[in-house]
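For reference, protein.csv is printed below; it contains CSV, C-alpha atoms.
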chain,number,residue,atom,x,y,z
A,289,MET,CA,-3.8,88.2,36.5
A,290,GLU,CA,-2.3,85.5,34.4
A,291,ALA,CA,-2.4,86.1,30.7
A,292,PHE,CA,-4.5,83.8,28.5
A,293,ARG,CA,-2.4,81.1,26.8
A,294,TYR,CA,-3.5,79.6,23.5
A,295,VAL,CA,-3.1,75.9,23.3
A,296,ASP,CA,-3.0,74.1,19.9
A,297,ILE,CA,-4.9,70.9,20.5
A,298,PHE,CA,-3.6,69.5,17.1
A,299,GLU,CA,-0.1,70.1,18.3
A,300,SER,CA,-0.6,68.5,21.7
A,301,LYS,CA,-2.6,65.6,20.5
A,302,GLY,CA,-0.7,65.0,17.3
A,303,LEU,CA,0.8,61.7,18.3
A,304,GLU,CA,-2.6,60.3,19.4
A,305,TYR,CA,-4.2,61.3,16.1
A,306,MET,CA,-1.4,59.8,14.1
A,307,LEU,CA,-1.8,56.5,15.9
A,308,VAL,CA,-5.6,56.5,15.4
A,309,ILE,CA,-5.1,57.2,11.7
A,310,ALA,CA,-2.5,54.5,11.3
A,311,PHE,CA,-4.9,52.0,13.1
A,312,LEU,CA,-7.7,52.9,10.7
A,313,VAL,CA,-5.5,52.4,7.7
A,314,VAL,CA,-4.4,49.0,8.9
A,315,PHE,CA,-8.0,48.0,9.8
A,316,ALA,CA,-9.1,49.0,6.3
A,317,ILE,CA,-6.4,46.9,4.6
A,318,VAL,CA,-7.2,43.8,6.8
A,319,TRP,CA,-11.0,44.2,6.2
A,320,GLN,CA,-10.4,44.3,2.4
A,321,LEU,CA,-8.3,41.2,2.6
A,322,MET,CA,-11.0,39.4,4.5
A,323,LEU,CA,-13.6,40.3,2.0
A,324,GLN,CA,-11.6,38.9,-0.9
A,325,PRO,CA,-12.7,35.4,-1.9
A,326,SER,CA,-10.2,32.8,-1.1
A,327,ARG,CA,-8.4,31.3,-4.1
A,328,PRO,CA,-8.8,27.6,-4.5
A,329,PRO,CA,-5.5,25.7,-4.2
A,330,ARG,CA,-3.8,25.1,-7.5
A,331,PRO,CA,-4.5,21.5,-8.6
A,332,LYS,CA,-1.5,19.3,-8.7
A,333,LYS,CA,-0.4,17.9,-12.0
A,334,PRO,CA,-1.1,14.2,-12.2
A,335,SER,CA,2.0,12.1,-11.6
A,336,LYS,CA,3.4,10.2,-14.6
A,337,SER,CA,5.4,7.9,-12.4
A,338,PRO,CA,5.2,4.2,-13.6
A,339,VAL,CA,4.9,3.3,-9.9
A,340,ARG,CA,1.6,5.2,-9.6
A,341,ALA,CA,0.4,3.7,-12.8
A,342,MET,CA,1.4,0.2,-11.6
A,343,THR,CA,-0.5,0.6,-8.3
A,344,GLU,CA,-3.7,1.1,-10.2
A,345,TRP,CA,-3.5,-2.7,-10.7
A,346,PHE,CA,-1.8,-3.9,-7.6
A,347,ARG,CA,-1.6,-2.5,-4.1
A,348,VAL,CA,1.8,-2.3,-2.5
A,349,ALA,CA,2.0,-2.0,1.3
A,350,ASP,CA,4.8,0.2,2.7
A,351,ASP,CA,5.2,-1.7,6.0
A,352,VAL,CA,5.9,-5.2,4.8
A,353,HIS,CA,8.8,-7.0,3.3
A,354,TYR,CA,8.1,-8.9,0.1
A,355,HIS,CA,9.5,-12.3,-1.1
A,356,PRO,CA,10.0,-12.7,-4.8
A,357,GLY,CA,7.3,-15.4,-4.7
A,358,HIS,CA,4.7,-12.7,-3.8
A,359,ALA,CA,4.4,-13.5,-0.1
A,360,TRP,CA,5.0,-10.8,2.6
A,361,ALA,CA,6.3,-10.6,6.1
A,362,ARG,CA,5.6,-7.9,8.7
A,363,PRO,CA,7.1,-7.5,12.1
A,364,ALA,CA,4.5,-8.4,14.8
A,365,GLY,CA,6.5,-7.7,17.9
A,366,GLY,CA,9.6,-9.2,19.4
A,367,ASP,CA,11.0,-11.9,17.2
A,368,VAL,CA,7.6,-12.8,15.6
A,369,VAL,CA,6.6,-11.8,12.1
A,370,ARG,CA,3.2,-12.1,10.4
A,371,VAL,CA,3.0,-13.7,6.9
A,372,GLY,CA,0.5,-13.3,4.1
A,373,ILE,CA,0.2,-13.2,0.3
A,374,ASP,CA,0.4,-9.9,-1.7
A,375,ASP,CA,-2.2,-8.2,-3.9
A,376,PHE,CA,-0.6,-9.5,-7.0
A,377,ALA,CA,-0.8,-13.2,-5.9
A,378,GLN,CA,-4.4,-12.9,-4.8
A,379,ARG,CA,-5.5,-11.3,-8.0
A,380,LEU,CA,-3.4,-13.7,-10.1
A,381,LEU,CA,-5.0,-16.8,-8.4
A,382,GLY,CA,-8.5,-15.6,-7.6
A,383,ARG,CA,-10.6,-16.8,-4.7
A,384,PRO,CA,-9.4,-20.0,-3.1
A,385,GLU,CA,-11.8,-22.7,-2.0
A,386,SER,CA,-9.6,-23.5,1.0
A,387,ILE,CA,-6.1,-22.8,2.3
A,388,GLN,CA,-3.8,-25.5,3.8
A,389,LEU,CA,-1.8,-23.7,6.4
A,390,PRO,CA,1.1,-25.2,8.4
A,391,SER,CA,0.2,-26.0,12.0
A,392,ALA,CA,1.8,-24.4,15.1
A,393,GLY,CA,5.2,-25.9,15.7
A,394,THR,CA,6.0,-26.4,12.1
A,395,HIS,CA,9.5,-25.2,11.0
A,396,LEU,CA,9.5,-23.3,7.7
A,397,THR,CA,12.5,-22.5,5.5
A,398,GLN,CA,12.7,-19.3,3.5
A,399,GLY,CA,12.1,-20.0,-0.2
A,400,ARG,CA,10.6,-23.5,0.4
A,401,LYS,CA,6.9,-24.5,0.3
A,402,GLY,CA,5.0,-22.7,3.1
A,403,TRP,CA,1.4,-23.4,2.4
A,404,GLN,CA,-1.1,-24.4,-0.3
A,405,LEU,CA,-4.2,-22.8,-1.8
A,406,ASP,CA,-6.9,-24.8,-3.5
A,407,ILE,CA,-8.0,-22.9,-6.6
A,408,ARG,CA,-10.9,-24.6,-8.5
A,409,SER,CA,-9.9,-27.9,-7.0
A,410,GLN,CA,-6.3,-27.5,-8.1
A,411,PRO,CA,-3.5,-27.1,-5.6
A,412,VAL,CA,-1.2,-24.1,-5.7
A,413,ASP,CA,1.9,-24.0,-3.6
A,414,MET,CA,3.5,-20.8,-2.3
A,415,LEU,CA,6.9,-20.2,-0.8
A,416,SER,CA,7.6,-19.0,2.7
A,417,PRO,CA,9.2,-15.6,2.9
A,418,VAL,CA,11.0,-16.4,6.2
A,419,SER,CA,12.6,-19.3,8.1
A,420,GLY,CA,11.3,-20.1,11.6
A,421,GLU,CA,8.7,-21.8,13.7
A,422,VAL,CA,5.0,-21.2,13.2
A,423,VAL,CA,3.5,-20.0,16.4
A,424,ALA,CA,-0.1,-19.1,15.3
A,425,VAL,CA,-2.4,-19.3,12.4
A,426,ASN,CA,-5.3,-17.1,11.3
A,427,PRO,CA,-8.4,-19.0,12.6
A,428,ASN,CA,-10.7,-17.0,10.3
A,429,LEU,CA,-9.3,-18.5,7.1
A,430,ALA,CA,-10.8,-21.9,7.9
A,431,HIS,CA,-14.3,-20.7,7.2
A,432,ALA,CA,-13.5,-17.5,5.2
A,433,PRO,CA,-10.5,-18.2,2.9
A,434,GLY,CA,-11.7,-15.3,0.7
A,435,LEU,CA,-10.2,-12.9,3.3
A,436,VAL,CA,-6.9,-13.2,1.4
A,437,ASN,CA,-8.6,-11.5,-1.5
A,438,GLU,CA,-10.6,-9.0,0.4
A,439,ASP,CA,-7.9,-7.8,2.7
A,440,PRO,CA,-4.5,-9.4,1.7
A,441,TYR,CA,-2.4,-7.0,3.9
A,442,GLY,CA,-4.8,-7.0,6.9
A,443,ASP,CA,-7.4,-9.5,8.0
A,444,GLY,CA,-6.3,-12.0,5.3
A,445,TRP,CA,-2.9,-12.7,7.0
A,446,LEU,CA,-2.0,-16.4,7.1
A,447,PHE,CA,0.1,-17.2,10.1
A,448,GLU,CA,2.8,-15.9,12.5
A,449,VAL,CA,6.4,-17.2,12.6
A,450,ARG,CA,9.1,-16.8,15.3
A,451,VAL,CA,12.2,-15.8,13.5
A,452,PRO,CA,15.4,-16.2,15.5
A,453,ASP,CA,17.5,-14.1,13.2
A,454,GLU,CA,16.4,-10.5,13.2
A,455,ARG,CA,18.1,-9.9,9.9
A,456,ALA,CA,15.9,-12.5,8.2
A,457,LEU,CA,13.5,-9.8,7.0
A,458,GLU,CA,16.3,-8.2,5.1
A,459,ARG,CA,17.7,-11.4,3.5
A,460,ASN,CA,16.2,-11.9,0.0
A,461,LEU,CA,13.2,-9.7,0.9
A,462,ILE,CA,12.2,-6.3,-0.6
A,463,ASN,CA,10.5,-3.3,0.9
A,464,GLY,CA,10.0,0.4,0.5
A,465,ARG,CA,10.6,2.0,-2.8
A,466,PHE,CA,12.4,-1.1,-4.0
A,467,ALA,CA,9.2,-3.1,-3.5
A,468,LYS,CA,7.3,-0.6,-5.7
A,469,ALA,CA,10.0,-0.8,-8.4
A,470,TRP,CA,10.0,-4.6,-8.2
A,471,MET,CA,6.2,-4.8,-8.6
A,472,SER,CA,6.5,-2.5,-11.5
A,473,GLU,CA,8.9,-4.9,-13.1
A,474,THR,CA,6.5,-7.7,-12.4
A,475,VAL,CA,3.8,-5.9,-14.3
A,476,SER,CA,6.2,-5.3,-17.2
A,477,ALA,CA,7.0,-9.0,-17.2
A,478,LEU,CA,3.3,-9.8,-17.1
A,479,ARG,CA,2.6,-7.6,-20.1
A,480,GLU,CA,5.5,-9.1,-22.0
A,481,ARG,CA,4.4,-12.7,-21.1
A,482,MET,CA,0.8,-12.1,-22.2
A,483,GLY,CA,1.5,-9.8,-25.1
A,484,GLY,CA,-1.8,-8.3,-26.3
A,485,THR,CA,-4.0,-10.8,-24.5
A,486,LEU,CA,-4.5,-8.7,-21.3
A,487,GLY,CA,-7.4,-6.8,-22.7
A,488,PRO,CA,-10.1,-9.5,-22.2
A,489,VAL,CA,-9.2,-9.7,-18.5
A,490,LEU,CA,-9.4,-6.0,-17.8
A,491,GLN,CA,-12.5,-4.7,-16.1
A,492,ASP,CA,-14.2,-1.5,-17.2
A,493,GLY,CA,-12.2,0.5,-14.7
A,494,GLY,CA,-8.9,-0.9,-16.0
A,495,MET,CA,-8.4,-3.4,-13.1
A,496,LEU,CA,-7.5,-7.0,-13.7
A,497,VAL,CA,-10.2,-9.4,-12.9
A,498,SER,CA,-9.7,-11.7,-9.9
A,499,GLY,CA,-8.1,-15.0,-11.0
A,500,PHE,CA,-6.8,-13.5,-14.3
A,501,ALA,CA,-4.3,-16.3,-14.9
A,502,LEU,CA,-7.0,-18.8,-15.3
A,503,GLU,CA,-9.0,-16.4,-17.5
A,504,LEU,CA,-6.0,-15.8,-19.7
A,505,SER,CA,-5.1,-19.4,-20.4
A,506,PRO,CA,-7.3,-22.1,-18.9
A,507,ASP,CA,-5.0,-24.8,-20.2
A,508,ARG,CA,-1.7,-23.2,-19.1
A,509,TRP,CA,-2.7,-21.2,-16.1
A,510,HIS,CA,-0.8,-23.5,-13.7
A,511,GLU,CA,2.3,-22.8,-15.7
A,512,ILE,CA,1.7,-19.0,-15.5
A,513,VAL,CA,1.1,-19.2,-11.8
A,514,ALA,CA,4.3,-21.3,-11.2
A,515,GLU,CA,6.4,-18.8,-13.2
A,516,PHE,CA,5.3,-15.7,-11.3
A,517,LEU,CA,5.2,-17.4,-7.8
A,518,HIS,CA,8.7,-18.9,-8.5
A,519,THR,CA,7.5,-22.5,-7.8
A,520,ASP,CA,8.5,-23.8,-11.2
Could you render the structure as structure tokens?
Amino acid sequence: MEAFRYVDIFESKGLEYMLVIAFLVVFAIVWQLMLQPSRPPRPKKPSKSPVRAMTEWFRVADDVHYHPGHAWARPAGGDVVRVGIDDFAQRLLGRPESIQLPSAGTHLTQGRKGWQLDIRSQPVDMLSPVSGEVVAVNPNLAHAPGLVNEDPYGDGWLFEVRVPDERALERNLINGRFAKAWMSETVSALRERMGGTLGPVLQDGGMLVSGFALELSPDRWHEIVAEFLHTD
């Protein structure tokens, strides 16, 4: 008869128990972490960049090239670019009564007169940002010229130009971070030009009223406009 042999279950099952205990410990740690309330993200410190302060007045689009006369050009596919006026120009001038656009087939020269806006029955010329042939105009501006104020970088575009030289957008035009720096300099020039008279044309939210040039100086507004649009 075979002798009885004692078997220590703790010795034979030791590895399994250790695994179970380890699993319970890990589960407890994970459970505690899940029960802890999530910490809200640390708020970012507000930027003190002059560019950010500047854009509270005027919007700057990242995908357009700016002319110093405050017109813009955006690639529209192939050798065609779309043209419009920037946020500074539309706010400087205010809402136009009408816009005299060049017809299709007209050849424009960069830095020369491209179109005319009628502001309170007074004509205001603006310079073309590119050279080339006009191939299309925005038909909506005929009955809704205020689109240039409501959406200057979108639905308020003016016309499209076929530009034979692909490098034309880089010649005398500004984009990217340089555009933001340039607009910041424009704001500084505006403050210097107007001195302490900007207060009356600031809205409650700190924005400049539409057509602030006329509000600042009814008698000399045309001179102010010509200075900043480089048509003087």
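Comparing A:His353, A:Arg370, A:His358, A:His510 by their smallest distance to Trp445 of chain A, the closest is A:Arg370 (using only C-alpha atoms).
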Note to self: Let me make sure I understand: among A:Ala424, A:Ala392, A:Val436, A:Val418, which one has the smallest atom-to-atom distance to Asn460 of chain A if we use all atoms listed in the file?
What the structure shows: A:Val418
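Relative to atom CA of His355 of chain A, atom CA of Glu448 of chain A is found at 15.6 Å.
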Margin query: Counting all atoms listed in the file, find residues at most 12 Å from (0.3, -12.6, -6.0) (file frame) and give them as a VMD selection string.
Written below: chain A and resid 345 to 348 354 to 360 372 to 383 405 412 to 415 436 to 437 440 to 441 471 474 to 475 478 498 to 501 512 to 518
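The space between atom CA of Arg408 of chain A and atom CA of Val422 of chain A spans 27.1 Å.
Atom to atom, atom CA of Asp350 of chain A and atom CA of Ala364 of chain A stand 14.8 Å apart.
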Next item on the list: Go through A:Arg362, A:Gly434, A:Gln410, A:Phe447 and flag the residue nearest Asn463 of chain A, using only C-alpha atoms for the distances.
Entry: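 Looking at the shortest contact to Asn463 of chain A, the residue is A:Arg362.
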Neighbour list for Pro363 of chain A as a short mmCIF file (atom, residue, chain, number, x, y, z; two decimals) with C-alpha atoms, in the coordinates of the input, cut-off 9 Å, only C-alpha atoms, skip fewer than 3 positions in-chain:
data_model
loop_
_atom_site.label_atom_id
_atom_site.label_comp_id
_atom_site.auth_asym_id
_atom_site.auth_seq_id
_atom_site.Cartn_x
_atom_site.Cartn_y
_atom_site.Cartn_z
CA ASP A 351 5.20 -1.70 6.00
CA VAL A 352 5.90 -5.20 4.80
CA HIS A 353 8.80 -7.00 3.30
CA GLY A 366 9.60 -9.20 19.40
CA ASP A 367 11.00 -11.90 17.20
CA VAL A 368 7.60 -12.80 15.60
CA VAL A 369 6.60 -11.80 12.10
CA ARG A 370 3.20 -12.10 10.40
CA LEU A 457 13.50 -9.80 7.00
#
